[in-house]
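**Q** So here's final-v3.txt (compact mmCIF, C-alpha atoms and all ligand atoms).
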# COMPACT_ATOMS: atom_id res chain seq x y z
CA MET A 787 124.67 58.73 86.40
CA LYS A 788 121.30 57.50 85.18
CA VAL A 789 118.57 55.72 87.11
CA LEU A 790 116.67 53.05 85.17
CA LYS A 791 113.53 51.41 86.48
CA PHE A 792 112.17 48.17 85.01
CA GLY A 793 108.57 47.15 85.65
CA GLY A 794 107.09 43.76 86.42
CA THR A 795 106.73 42.59 82.80
CA SER A 796 110.31 43.64 82.02
CA VAL A 797 111.56 41.18 84.63
CA GLY A 798 108.59 38.82 84.28
CA SER A 799 110.16 36.14 82.06
CA ILE A 800 113.60 34.72 81.34
CA GLU A 801 113.49 36.23 77.85
CA ASN A 802 112.71 39.71 79.18
CA ILE A 803 115.29 39.48 81.98
CA LYS A 804 117.87 38.83 79.25
CA ARG A 805 116.63 41.89 77.32
CA VAL A 806 117.04 44.00 80.46
CA ARG A 807 120.62 42.77 80.83
CA GLU A 808 121.35 43.85 77.25
CA ILE A 809 119.79 47.29 77.81
CA ILE A 810 121.69 48.06 80.99
CA THR A 811 125.12 46.76 79.97
CA ASP A 812 126.05 49.69 77.72
CA GLY A 813 129.17 50.58 79.69
CA ASP A 814 127.62 53.47 81.66
CA LYS A 815 127.46 53.40 85.44
CA LYS A 816 123.85 53.35 86.65
CA ILE A 817 121.36 52.54 89.37
CA VAL A 818 118.71 50.02 88.34
CA VAL A 819 115.41 49.88 90.22
CA LEU A 820 113.33 46.71 89.83
CA SER A 821 109.70 45.84 90.42
CA ALA A 822 108.65 42.37 91.46
CA MET A 823 108.26 39.84 88.61
CA SER A 824 104.83 40.33 87.05
CA GLY A 825 102.04 38.60 88.96
CA THR A 826 104.10 38.27 92.15
CA THR A 827 102.77 41.29 94.08
CA ASN A 828 99.18 40.32 93.19
CA ALA A 829 99.88 36.79 94.43
CA LEU A 830 101.35 38.18 97.66
CA VAL A 831 98.32 40.42 98.18
CA GLU A 832 96.12 37.35 97.69
CA ILE A 833 98.16 35.40 100.25
CA SER A 834 97.79 38.26 102.70
CA ASP A 835 94.01 38.31 102.06
CA PHE A 836 93.77 34.60 102.86
CA ILE A 837 95.63 35.25 106.12
CA LYS A 838 93.29 38.14 106.89
CA ASN A 839 90.32 35.79 106.41
CA ASN A 840 91.94 33.18 108.68
CA ASN A 841 92.29 30.84 105.73
CA SER A 842 95.85 29.69 106.33
CA ASN A 843 95.39 26.49 104.29
CA GLN A 844 94.53 28.45 101.17
CA ALA A 845 97.40 30.84 101.92
CA LEU A 846 99.78 27.86 101.99
CA VAL A 847 98.44 26.60 98.64
CA SER A 848 99.07 30.02 97.05
CA ILE A 849 102.55 30.19 98.62
CA ASP A 850 103.33 26.78 97.11
CA ASN A 851 102.10 27.84 93.66
CA LEU A 852 104.27 30.94 93.77
CA TYR A 853 107.27 28.93 95.02
CA HIS A 854 106.88 26.62 92.07
CA LYS A 855 107.18 29.59 89.67
CA TYR A 856 110.43 30.69 91.30
CA THR A 857 111.96 27.23 91.15
CA ILE A 858 111.39 27.33 87.38
CA VAL A 859 113.01 30.78 87.15
CA LEU A 860 115.97 29.49 89.15
CA ASP A 861 116.36 26.45 86.90
CA ASP A 862 116.13 28.43 83.68
CA LEU A 863 118.21 31.46 84.61
CA ILE A 864 121.00 30.44 86.94
CA GLU A 865 123.45 27.87 85.56
CA VAL A 866 126.57 28.25 87.71
CA SER A 867 126.16 25.71 90.52
CA GLU A 868 127.52 27.90 93.33
CA LEU A 869 125.15 30.72 92.38
CA LYS A 870 122.29 28.26 91.93
CA GLN A 871 122.83 27.11 95.49
CA GLU A 872 122.97 30.69 96.79
CA VAL A 873 119.86 31.86 94.91
CA GLY A 874 118.00 28.64 95.79
CA ASN A 875 118.77 29.22 99.48
CA TYR A 876 117.52 32.78 99.24
CA ILE A 877 114.27 31.73 97.55
CA ASP A 878 113.76 29.04 100.21
CA LYS A 879 114.34 31.58 102.96
CA VAL A 880 111.71 33.94 101.51
CA PHE A 881 109.15 31.16 101.16
CA ASP A 882 109.86 29.80 104.66
CA PHE A 883 109.15 33.32 105.91
CA LEU A 884 105.86 33.42 103.95
CA LYS A 885 104.84 30.03 105.33
CA ALA A 886 105.54 31.26 108.85
CA CYS A 887 103.36 34.33 108.13
CA SER A 888 100.43 32.11 107.09
CA SER A 889 99.69 31.20 110.69
CA GLU A 890 100.13 34.73 112.06
CA LYS A 891 97.40 37.21 112.85
CA HIS A 892 96.71 39.72 110.11
CA SER A 893 97.96 43.28 110.56
CA GLU A 894 99.09 46.07 108.28
CA PHE A 895 102.68 45.37 109.34
CA LEU A 896 102.33 41.75 108.28
CA TYR A 897 100.78 42.78 104.95
CA ASN A 898 103.66 45.18 104.30
CA LYS A 899 106.26 42.54 105.07
CA ILE A 900 104.53 40.01 102.81
CA VAL A 901 104.19 42.30 99.77
CA ALA A 902 107.83 43.41 100.14
CA GLN A 903 109.05 39.91 99.25
CA GLY A 904 108.40 40.33 95.51
CA GLU A 905 110.99 43.06 95.03
CA LEU A 906 113.42 41.33 97.40
CA LEU A 907 113.22 38.21 95.23
CA SER A 908 113.48 39.90 91.82
CA THR A 909 116.50 42.03 92.78
CA PHE A 910 118.42 39.18 94.43
CA ILE A 911 117.86 36.83 91.50
CA PHE A 912 118.66 39.50 88.90
CA THR A 913 121.87 40.65 90.64
CA LYS A 914 123.16 37.07 90.82
CA TYR A 915 122.20 36.51 87.19
CA LEU A 916 124.21 39.61 86.18
CA ASN A 917 127.18 38.35 88.23
CA GLN A 918 126.92 35.01 86.46
CA GLU A 919 127.12 36.85 83.13
CA GLY A 920 130.28 38.66 84.27
CA VAL A 921 128.63 42.00 85.01
CA ASN A 922 130.02 43.92 88.00
CA ALA A 923 126.63 44.49 89.66
CA ARG A 924 125.86 45.01 93.33
CA LEU A 925 122.68 44.99 95.34
CA LEU A 926 121.82 48.09 97.38
CA PRO A 927 119.07 47.05 99.81
CA ALA A 928 116.31 49.69 99.62
CA LEU A 929 115.43 49.08 103.25
CA ASP A 930 118.88 50.47 104.18
CA PHE A 931 118.17 53.90 102.72
CA MET A 932 114.58 54.41 101.49
CA ARG A 933 112.31 55.88 104.14
CA ILE A 934 109.07 57.83 104.33
CA ASP A 935 108.21 60.29 107.07
CA LYS A 936 105.12 60.53 109.29
CA LEU A 937 103.19 62.21 106.45
CA HIS A 938 104.17 59.33 104.13
CA GLU A 939 106.41 61.65 102.13
CA PRO A 940 109.94 60.56 101.15
CA ASP A 941 112.43 61.57 103.83
CA ASP A 942 114.89 63.12 101.37
CA PHE A 943 117.55 63.99 103.94
CA TYR A 944 117.66 60.45 105.36
CA ILE A 945 117.57 58.88 101.90
CA LYS A 946 120.40 61.05 100.58
CA GLN A 947 122.67 60.50 103.57
CA ASN A 948 122.15 56.76 103.67
CA LEU A 949 122.24 56.10 99.95
CA GLN A 950 125.51 58.01 99.62
CA ARG A 951 126.98 56.18 102.61
CA ILE A 952 125.98 52.79 101.23
CA ILE A 953 127.35 53.53 97.76
CA ASN A 954 130.62 54.80 99.29
CA ASP A 955 130.93 51.76 101.55
CA ALA A 956 130.05 49.21 98.89
CA LEU A 957 132.77 47.79 96.69
CA PRO A 958 132.81 49.68 93.40
CA ALA A 959 130.32 48.43 90.84
CA ASP A 960 129.22 49.35 87.34
CA ILE A 961 125.58 48.69 88.08
CA TYR A 962 123.79 49.08 91.39
CA ILE A 963 120.52 47.21 91.70
CA THR A 964 117.84 48.14 94.20
CA GLN A 965 114.23 47.37 95.01
CA GLY A 966 111.44 49.65 93.90
CA PHE A 967 108.25 50.06 95.94
CA ILE A 968 109.56 49.07 99.38
CA CYS A 969 110.76 51.39 102.10
CA LEU A 970 110.74 51.91 105.86
CA ASP A 971 108.19 54.07 107.59
CA ALA A 972 109.10 56.81 110.07
CA TYR A 973 109.27 54.21 112.88
CA GLY A 974 111.51 51.78 111.02
CA ASN A 975 108.82 49.29 110.00
CA VAL A 976 108.73 47.81 106.52
CA ALA A 977 106.34 49.89 104.40
CA ASN A 978 105.84 50.72 100.73
CA LEU A 979 105.09 53.54 98.31
CA GLN A 980 101.71 52.05 97.31
CA ARG A 981 100.95 49.77 94.37
CA GLY A 982 102.96 50.67 91.29
CA GLY A 983 105.34 52.66 93.51
CA SER A 984 108.59 51.50 91.89
CA ASP A 985 108.36 54.40 89.43
CA TYR A 986 108.28 56.74 92.40
CA THR A 987 111.31 54.99 93.93
CA ALA A 988 113.21 55.71 90.71
CA THR A 989 112.54 59.45 90.68
CA ILE A 990 113.17 59.78 94.43
CA ILE A 991 116.58 58.14 93.92
CA GLY A 992 117.15 60.17 90.73
CA ALA A 993 116.58 63.39 92.65
CA VAL A 994 118.86 62.52 95.58
CA VAL A 995 121.78 61.38 93.38
CA GLU A 996 121.13 64.30 90.98
CA ALA A 997 120.86 61.87 88.06
CA ASP A 998 121.20 63.08 84.46
CA GLU A 999 118.02 61.23 83.61
CA VAL A 1000 115.52 58.76 85.05
CA GLN A 1001 114.23 56.10 82.66
CA ILE A 1002 111.05 54.14 83.31
CA TRP A 1003 111.05 50.96 81.22
CA THR A 1004 107.73 49.17 80.71
CA ASP A 1005 106.08 47.13 77.97
CA ILE A 1006 104.60 50.05 76.06
CA ASP A 1007 106.41 52.64 73.94
CA GLY A 1008 105.66 55.70 76.05
CA MET A 1009 102.61 57.61 77.18
CA HIS A 1010 99.85 57.35 74.57
CA ASN A 1011 97.47 60.06 73.43
CA ASN A 1012 94.50 57.89 74.43
CA ASP A 1013 93.95 54.58 76.19
CA PRO A 1014 95.16 51.85 73.76
CA ARG A 1015 93.04 49.25 75.57
CA PHE A 1016 89.85 50.94 74.40
CA VAL A 1017 90.76 53.07 71.40
CA GLU A 1018 92.48 52.07 68.17
CA ASN A 1019 95.19 54.11 66.43
CA THR A 1020 96.65 55.72 69.52
CA HIS A 1021 100.26 56.84 69.39
CA ALA A 1022 103.03 57.60 71.87
CA ILE A 1023 103.51 61.28 72.68
CA SER A 1024 107.18 62.23 72.18
CA ASN A 1025 107.36 65.13 74.62
CA LEU A 1026 105.40 66.16 77.68
CA SER A 1027 106.05 68.81 80.28
CA PHE A 1028 106.24 67.76 83.93
CA ASP A 1029 102.83 69.35 84.53
CA GLU A 1030 101.18 67.59 81.61
CA ALA A 1031 102.64 64.22 82.62
CA ALA A 1032 101.62 64.71 86.26
CA GLU A 1033 98.00 65.40 85.26
CA LEU A 1034 97.90 62.35 82.99
CA ALA A 1035 99.47 60.06 85.57
CA TYR A 1036 97.08 61.24 88.27
CA PHE A 1037 94.01 61.01 86.05
CA GLY A 1038 94.47 57.52 84.80
CA ALA A 1039 97.41 56.97 82.45
CA LYS A 1040 98.41 53.58 83.86
CA ILE A 1041 101.98 53.77 82.62
CA LEU A 1042 103.17 56.02 85.43
CA HIS A 1043 102.56 56.01 89.19
CA PRO A 1044 100.86 59.36 90.00
CA GLN A 1045 103.51 60.75 92.33
CA THR A 1046 106.46 59.87 90.10
CA VAL A 1047 106.80 63.24 88.41
CA MET A 1048 107.08 65.28 91.64
CA PRO A 1049 110.70 64.57 92.67
CA ALA A 1050 111.87 64.84 89.05
CA ARG A 1051 110.13 68.17 88.55
CA GLU A 1052 111.56 69.58 91.78
CA ALA A 1053 115.10 68.53 90.85
CA ASN A 1054 114.54 69.24 87.13
CA ILE A 1055 115.59 65.77 86.02
CA PRO A 1056 114.15 64.54 82.72
CA VAL A 1057 112.14 61.33 82.86
CA ARG A 1058 112.13 59.11 79.79
CA LEU A 1059 109.49 56.41 79.31
CA LYS A 1060 110.88 53.51 77.29
CA ASN A 1061 109.72 50.13 76.01
CA THR A 1062 111.80 47.08 77.03
CA MET A 1063 110.32 45.13 74.09
CA ASP A 1064 111.35 47.86 71.62
CA PRO A 1065 114.35 49.71 73.07
CA GLU A 1066 115.01 51.63 69.84
CA SER A 1067 111.68 53.48 69.86
CA TYR A 1068 111.88 57.06 71.16
CA GLY A 1069 109.27 56.69 73.92
CA THR A 1070 108.16 59.79 75.82
CA LEU A 1071 110.45 62.43 77.23
CA ILE A 1072 109.04 64.30 80.22
CA SER A 1073 110.92 67.49 81.00
CA GLN A 1074 110.62 71.14 81.91
CA GLU A 1075 110.20 72.03 78.27
CA THR A 1076 106.75 72.41 76.75
CA LYS A 1077 106.51 71.35 73.14
CA GLY A 1078 103.44 71.60 70.91
CA ASP A 1079 100.07 72.99 71.80
CA GLY A 1080 96.43 71.89 71.81
CA ILE A 1081 95.07 68.74 73.42
CA LYS A 1082 97.83 66.14 73.51
CA ALA A 1083 96.31 63.28 75.44
CA ILE A 1084 93.18 61.82 76.97
CA ALA A 1085 93.11 59.54 80.00
CA ALA A 1086 90.35 58.00 82.09
CA LYS A 1087 90.13 57.24 85.79
CA ASP A 1088 87.45 54.81 87.01
CA ASN A 1089 85.90 54.10 90.41
CA ILE A 1090 84.97 57.69 91.00
CA THR A 1091 82.11 58.67 93.30
CA ALA A 1092 80.22 61.90 92.62
CA ILE A 1093 78.56 63.71 95.52
CA LYS A 1094 76.02 66.48 95.02
CA ILE A 1095 75.48 68.67 98.07
CA LYS A 1096 72.42 70.90 97.83
CA SER A 1097 71.36 73.49 100.32
CA ALA A 1098 69.09 76.51 100.16
CA ARG A 1099 71.37 77.95 102.84
CA MET A 1100 74.14 78.18 100.29
CA LEU A 1101 72.32 80.99 98.51
CA LEU A 1102 74.24 84.22 99.13
CA ALA A 1103 75.89 82.62 102.18
CA HIS A 1104 79.59 82.60 102.79
CA GLY A 1105 81.50 79.83 104.55
CA PHE A 1106 79.39 77.05 103.03
CA LEU A 1107 82.25 75.52 101.06
CA LYS A 1108 84.53 75.79 104.08
CA LYS A 1109 82.03 73.71 106.06
CA VAL A 1110 81.89 71.12 103.27
CA PHE A 1111 85.67 70.94 102.84
CA GLU A 1112 86.25 70.58 106.57
CA ILE A 1113 84.26 67.35 106.54
CA PHE A 1114 86.39 65.90 103.74
CA GLU A 1115 89.51 67.07 105.54
CA LYS A 1116 88.34 65.38 108.76
CA TYR A 1117 88.04 62.06 106.93
CA GLU A 1118 91.33 62.57 105.04
CA THR A 1119 89.49 62.22 101.73
CA SER A 1120 90.82 64.22 98.84
CA ILE A 1121 88.55 65.84 96.28
CA ASP A 1122 89.40 65.58 92.57
CA MET A 1123 86.80 67.57 90.66
CA ILE A 1124 84.46 70.27 91.83
CA THR A 1125 81.72 72.38 90.20
CA THR A 1126 79.35 74.76 91.91
CA SER A 1127 76.07 76.54 91.27
CA GLU A 1128 74.37 79.03 93.56
CA ILE A 1129 72.57 76.35 95.56
CA ALA A 1130 74.58 73.20 95.02
CA VAL A 1131 78.10 71.89 94.81
CA SER A 1132 79.11 68.68 93.07
CA LEU A 1133 82.42 67.05 93.75
CA THR A 1134 84.18 63.77 93.18
CA ILE A 1135 86.32 61.48 95.32
CA ASP A 1136 88.20 58.30 94.42
CA ASP A 1137 88.46 56.91 97.93
CA ASP A 1138 85.02 56.05 99.27
CA SER A 1139 86.17 54.26 102.42
CA ASN A 1140 84.67 56.98 104.64
CA LEU A 1141 81.75 57.82 102.38
CA SER A 1142 78.95 56.94 104.78
CA SER A 1143 80.40 59.08 107.61
CA ILE A 1144 80.98 61.97 105.20
CA VAL A 1145 77.41 61.77 103.89
CA GLU A 1146 76.01 61.55 107.41
CA GLU A 1147 77.79 64.78 108.37
CA LEU A 1148 76.84 66.59 105.16
CA GLU A 1149 73.19 65.63 105.63
CA LYS A 1150 73.09 67.66 108.84
CA PHE A 1151 72.91 70.82 106.72
CA SER A 1152 72.15 69.74 103.13
CA THR A 1153 70.56 67.23 100.82
CA VAL A 1154 73.09 64.78 99.46
CA GLU A 1155 73.00 62.67 96.30
CA VAL A 1156 75.67 60.07 95.64
CA ASP A 1157 76.46 58.50 92.25
CA ASN A 1158 78.89 55.59 92.08
CA GLN A 1159 80.45 54.06 88.98
CA GLN A 1160 81.62 57.34 87.54
CA THR A 1161 84.71 57.97 85.39
CA ILE A 1162 86.80 61.09 85.05
CA ILE A 1163 87.98 61.71 81.52
CA CYS A 1164 90.90 64.06 81.56
CA LEU A 1165 92.21 65.99 78.56
CA VAL A 1166 95.71 67.36 78.84
CA GLY A 1167 97.90 69.70 76.82
CA HIS A 1168 99.66 73.02 77.00
CA SER A 1169 97.29 75.97 77.60
CA ILE A 1170 94.38 73.96 76.22
CA VAL A 1171 91.84 76.08 77.99
CA LYS A 1172 92.75 78.95 75.66
CA HIS A 1173 93.48 76.94 72.53
CA HIS A 1174 91.36 77.71 69.43
CA GLU A 1175 90.73 74.01 68.65
CA THR A 1176 89.62 72.99 72.14
CA HIS A 1177 85.95 73.63 71.39
CA LYS A 1178 85.96 70.41 69.34
CA LEU A 1179 85.88 68.37 72.50
CA PHE A 1180 82.45 69.72 73.38
CA LYS A 1181 80.99 67.85 70.40
CA VAL A 1182 81.10 64.88 72.76
CA LEU A 1183 78.10 66.40 74.55
CA GLN A 1184 76.00 65.37 71.52
CA ASP A 1185 76.68 61.69 72.21
CA ILE A 1186 77.25 61.32 75.92
CA SER A 1187 75.59 62.63 79.01
CA VAL A 1188 78.30 64.48 80.90
CA ARG A 1189 77.71 64.77 84.65
CA MET A 1190 80.34 67.45 85.43
CA ILE A 1191 82.89 69.55 83.54
CA SER A 1192 85.94 71.11 85.10
CA TYR A 1193 87.33 73.81 82.83
CA GLY A 1194 89.86 76.45 83.77
CA GLY A 1195 91.08 74.96 87.05
CA SER A 1196 94.45 74.70 85.34
CA ASN A 1197 95.37 75.76 81.83
CA ASN A 1198 96.62 72.27 81.06
CA ASN A 1199 93.63 70.17 82.05
CA ILE A 1200 89.95 69.86 81.22
CA SER A 1201 88.07 67.06 82.96
CA LEU A 1202 84.70 65.53 82.20
CA LEU A 1203 82.77 63.23 84.52
CA VAL A 1204 80.75 60.52 82.81
CA ASN A 1205 78.98 57.36 83.81
CA THR A 1206 81.50 54.49 83.59
CA ASN A 1207 79.18 52.71 81.11
CA ASP A 1208 79.76 55.61 78.70
CA LYS A 1209 83.53 55.68 79.12
CA ILE A 1210 84.60 53.73 76.04
CA THR A 1211 82.20 55.59 73.76
CA ALA A 1212 83.38 58.90 75.19
CA LEU A 1213 87.05 58.00 74.68
CA LYS A 1214 86.39 56.93 71.10
CA ARG A 1215 84.32 59.97 70.24
CA LEU A 1216 86.86 62.32 71.81
CA ASN A 1217 89.59 60.63 69.78
CA LYS A 1218 87.62 61.39 66.65
CA TYR A 1219 86.63 64.93 67.53
CA VAL A 1220 89.89 66.05 69.09
CA PHE A 1221 92.47 64.19 67.02
CA ASP A 1222 90.33 64.00 63.85
CA LEU A 1223 90.62 60.24 63.59
CA VAL A 1224 88.12 57.87 62.06
CA ILE A 1225 86.33 55.86 64.73
CA SER A 1226 85.67 52.19 64.32
N1 LIG B 1 105.43 45.42 92.67
C1 LIG B 1 104.62 46.53 93.07
C2 LIG B 1 103.25 46.43 92.42
O1 LIG B 1 102.98 45.50 91.67
C3 LIG B 1 105.26 47.83 92.78
C4 LIG B 1 105.57 48.11 91.34
O2 LIG B 1 105.62 47.20 90.51
O3 LIG B 1 105.81 49.26 91.00
O4 LIG B 1 102.43 47.28 92.67
Show me this structure written as structure tokens.
Ligand code: ASP

**A**
Amino acid sequence: MKVLKFGGTSVGSIENIKRVREIITDGDKKIVVLSAMSGTTNALVEISDFIKNNNSNQALVSIDNLYHKYTIVLDDLIEVSELKQEVGNYIDKVFDFLKACSSEKHSEFLYNKIVAQGELLSTFIFTKYLNQEGVNARLLPALDFMRIDKLHEPDDFYIKQNLQRIINDALPADIYITQGFICLDAYGNVANLQRGGSDYTATIIGAVVEADEVQIWTDIDGMHNNDPRFVENTHAISNLSFDEAAELAYFGAKILHPQTVMPAREANIPVRLKNTMDPESYGTLISQETKGDGIKAIAAKDNITAIKIKSARMLLAHGFLKKVFEIFEKYETSIDMITTSEIAVSLTIDDDSNLSSIVEELEKFSTVEVDNQQTIICLVGHSIVKHHETHKLFKVLQDISVRMISYGGSNNNISLLVNTNDKITALKRLNKYVFDLVIS
């Protein structure tokens, strides 16, 4: 059995929905995980923001605009009158629910219920469309089996038991459709796996059903060796190891949700990244195998805050870092990069929601400098730290002021911290120096 996940763009238009049908109807039994249609989750977040700001009128306007989009989808996709009635009723029910939410008081629970509607809509509409086309497809509601525990980790035991029970109880089908992203929390409330979390849903399901392969279908032909939005002449990387892909996903490669690789690596299930717009292209295969050496890819992660903590007391003292780390631990803020000297330590965080409290506590025993608008540029490949060509990347120091370098933390990753204004130049220069390409 394979698990195939299709992202928002893949189900974002009638034309693409038809492509997805062609891709999945190859005769093999499979589980298909869907995102919300592109733009829907953003619209739902906006609606929730209006509610949060007590602007229920504006929330209702946005709900109406979104409803209008779905009536067009219904008209263009569903032709059989019985099904049209059924799908129309479902869409109305969802939008009645949203309208009722518009006058409620904001809470995280309400937000979670609102943003869940996108995947509920896309999967219902798509399943009925497949049925209309004569495909034996069935909907498996994610909220009946997908659950996270108190630490927000997937509750594998619960998921496995319930998914198996639901599949056994359901009438046999060739294709099972389910929602990505949404789940229950440990207390049974509607929750989610964070923005972009449908990829993660796919590998969690892949691991529990012991799938032969998990495929993540998007609108790009695999993971690229540099960011195609900023650099010309990038190309898809054919093979990546789980470790390499995990580093790239965490440090900015937008194509994959950062946690996606974990369940697949643990269960040793290959993950293939494919392009819905070009199904024949090879894409990227992520597996246990490591192929090729040297730097394979460069990714960038924005919105990084750098914190320099300086203290004369650090000199020859032990326990200083422990003290620093305990503060970050207290505020549940994870640290990405770290470099130290004898009297100072610099580190980076990507979540600055508790920054002022953290700084206040650090200032009790050190001088603190904070730099916002930083970008981590991450270079990934097999054993790059030892590779004889890796030195080429340091030519970038001629052109860009690099705030921090993390080298040797893992053999597969070297990270540079630069000012976000220098990001595009750094990516272009690195492309030239590392991959020997002509820069424009
Ligand atoms: N629909 C959700 C989002 O836009 C989850 C996903 O697409 O993976 O973040």

**Q** Counting only C-alpha atoms and all ligand atoms, give me one row per residue of chain A with an atom at most 9 Å from an atom of ligand LIG 1 (chain B), showing the shortest contact pair and its distance in Å to one decimal, sorted by chain then residue number, as a tab-separated table.

**A**
residue	atom	partner	partner_atom	distance
A:Phe792	CA	B:LIG1	O2	8.6
A:Gly793	CA	B:LIG1	O2	5.7
A:Gly794	CA	B:LIG1	O2	5.5
A:Leu820	CA	B:LIG1	O2	7.8
A:Ser821	CA	B:LIG1	O2	4.3
A:Ala822	CA	B:LIG1	N1	4.6
A:Met823	CA	B:LIG1	N1	7.5
A:Ser824	CA	B:LIG1	O1	7.2
A:Gly825	CA	B:LIG1	O1	7.5
A:Thr826	CA	B:LIG1	N1	7.3
A:Thr827	CA	B:LIG1	O1	4.9
A:Asn828	CA	B:LIG1	O1	6.6
A:Val901	CA	B:LIG1	N1	7.9
A:Ala902	CA	B:LIG1	N1	8.1
A:Gly904	CA	B:LIG1	N1	6.5
A:Glu905	CA	B:LIG1	N1	6.5
A:Gly966	CA	B:LIG1	O3	6.3
A:Phe967	CA	B:LIG1	C3	4.9
A:Ile968	CA	B:LIG1	C3	8.0
A:Asn978	CA	B:LIG1	C3	8.5
A:Leu979	CA	B:LIG1	C3	8.0
A:Gln980	CA	B:LIG1	O4	6.7
A:Arg981	CA	B:LIG1	O4	3.4
A:Gly982	CA	B:LIG1	O3	3.2
A:Gly983	CA	B:LIG1	O3	4.3
A:Ser984	CA	B:LIG1	O3	3.7
A:Asp985	CA	B:LIG1	O3	5.9
A:Tyr986	CA	B:LIG1	O3	8.0
A:Thr987	CA	B:LIG1	O3	8.5
A:His1043	CA	B:LIG1	O3	7.7

**Q** Write out as a VMD selection string which residues come within 8 Å of Thr1091 (chain A) when counting all atoms listed in the file, dropping same-chain ones fewer than 2 positions away.

**A** chain A and resid 1089 1093 1134 to 1136 1138 1156 to 1160

**Q** Would you please work out which residue, of A:Glu1128, A:Asp942, A:Asp930, A:Asp861, is nearest to Ala1098 (chain A) when using all atoms listed in the file?

**A**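 Counting all atoms listed in the file, the residue closest to Ala1098 (chain A) is A:Glu1128.
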
**Q** Please measure the separation of CA of Leu860 (chain A) and CA of Leu790 (chain A), giving the value in Å to one decimal.

**A**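 Those two atoms sit 23.9 Å apart.
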
**Q** Please, which residues are within 10 Å of (106.2, 31.1, 96.0) by the file's coordinates, counting all atoms listed in the file, and could they come as a PyMOL selection string?

**A** chain A and resi 826+829-830+846-857+877-878+880-882+884-885+903-904

**Q** What separation in Å, quoted to one decimal, exists between CA of Gly992 (chain A) and CA of Ala1050 (chain A)?

**A**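 About the pair CA of Gly992 (chain A) and CA of Ala1050 (chain A): they are 7.2 Å apart.
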
**Q** Residues within 10 Å of Ser893 (chain A), please, as a ChimeraX atom specification. Count all atoms listed in the file; anything in the same chain fewer than 5 positions from it doesn't count.

**A** /A:834,837-838,898-899

**Q** Closest to Ile1023 (chain A) among A:Gln947, A:Ser842, A:Gln1074, A:Ser1067, using all atoms listed in the file?

**A**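 Comparing A:Gln947, A:Ser842, A:Gln1074, A:Ser1067 against Ile1023 (chain A), the winner is A:Ser1067.
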
**Q** For Leu1148 (chain A), which residue among A:Thr1062, A:Ser796, A:Ser1097, A:Asn1025 is the nearest when counting only C-alpha atoms?

**A** A:Ser1097

**Q** With all atoms listed in the file as the basis for distance, which of A:Glu801, A:Glu1030, A:Ser1073, A:Val866 is at the shortest distance from Gly920 (chain A)?

**A** A:Val866

**Q** Which residue, A:Leu1107, A:Ile1006, A:Leu1026, A:Ile1041, has the smallest gap to Thr1076 (chain A) when you use all atoms listed in the file?

**A**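 For Thr1076 (chain A), the nearest of the candidates is A:Leu1026.
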
**Q** Compute the distance from (92.8, 53.2, 65.0) to each atom, counting all atoms listed in the file, keep the residues with any atom at most 12 Å away, and return them as a VMD selection string; use the coordinates of the file.

**A** chain A and resid 1011 to 1021 1214 1217 to 1218 1221 to 1226
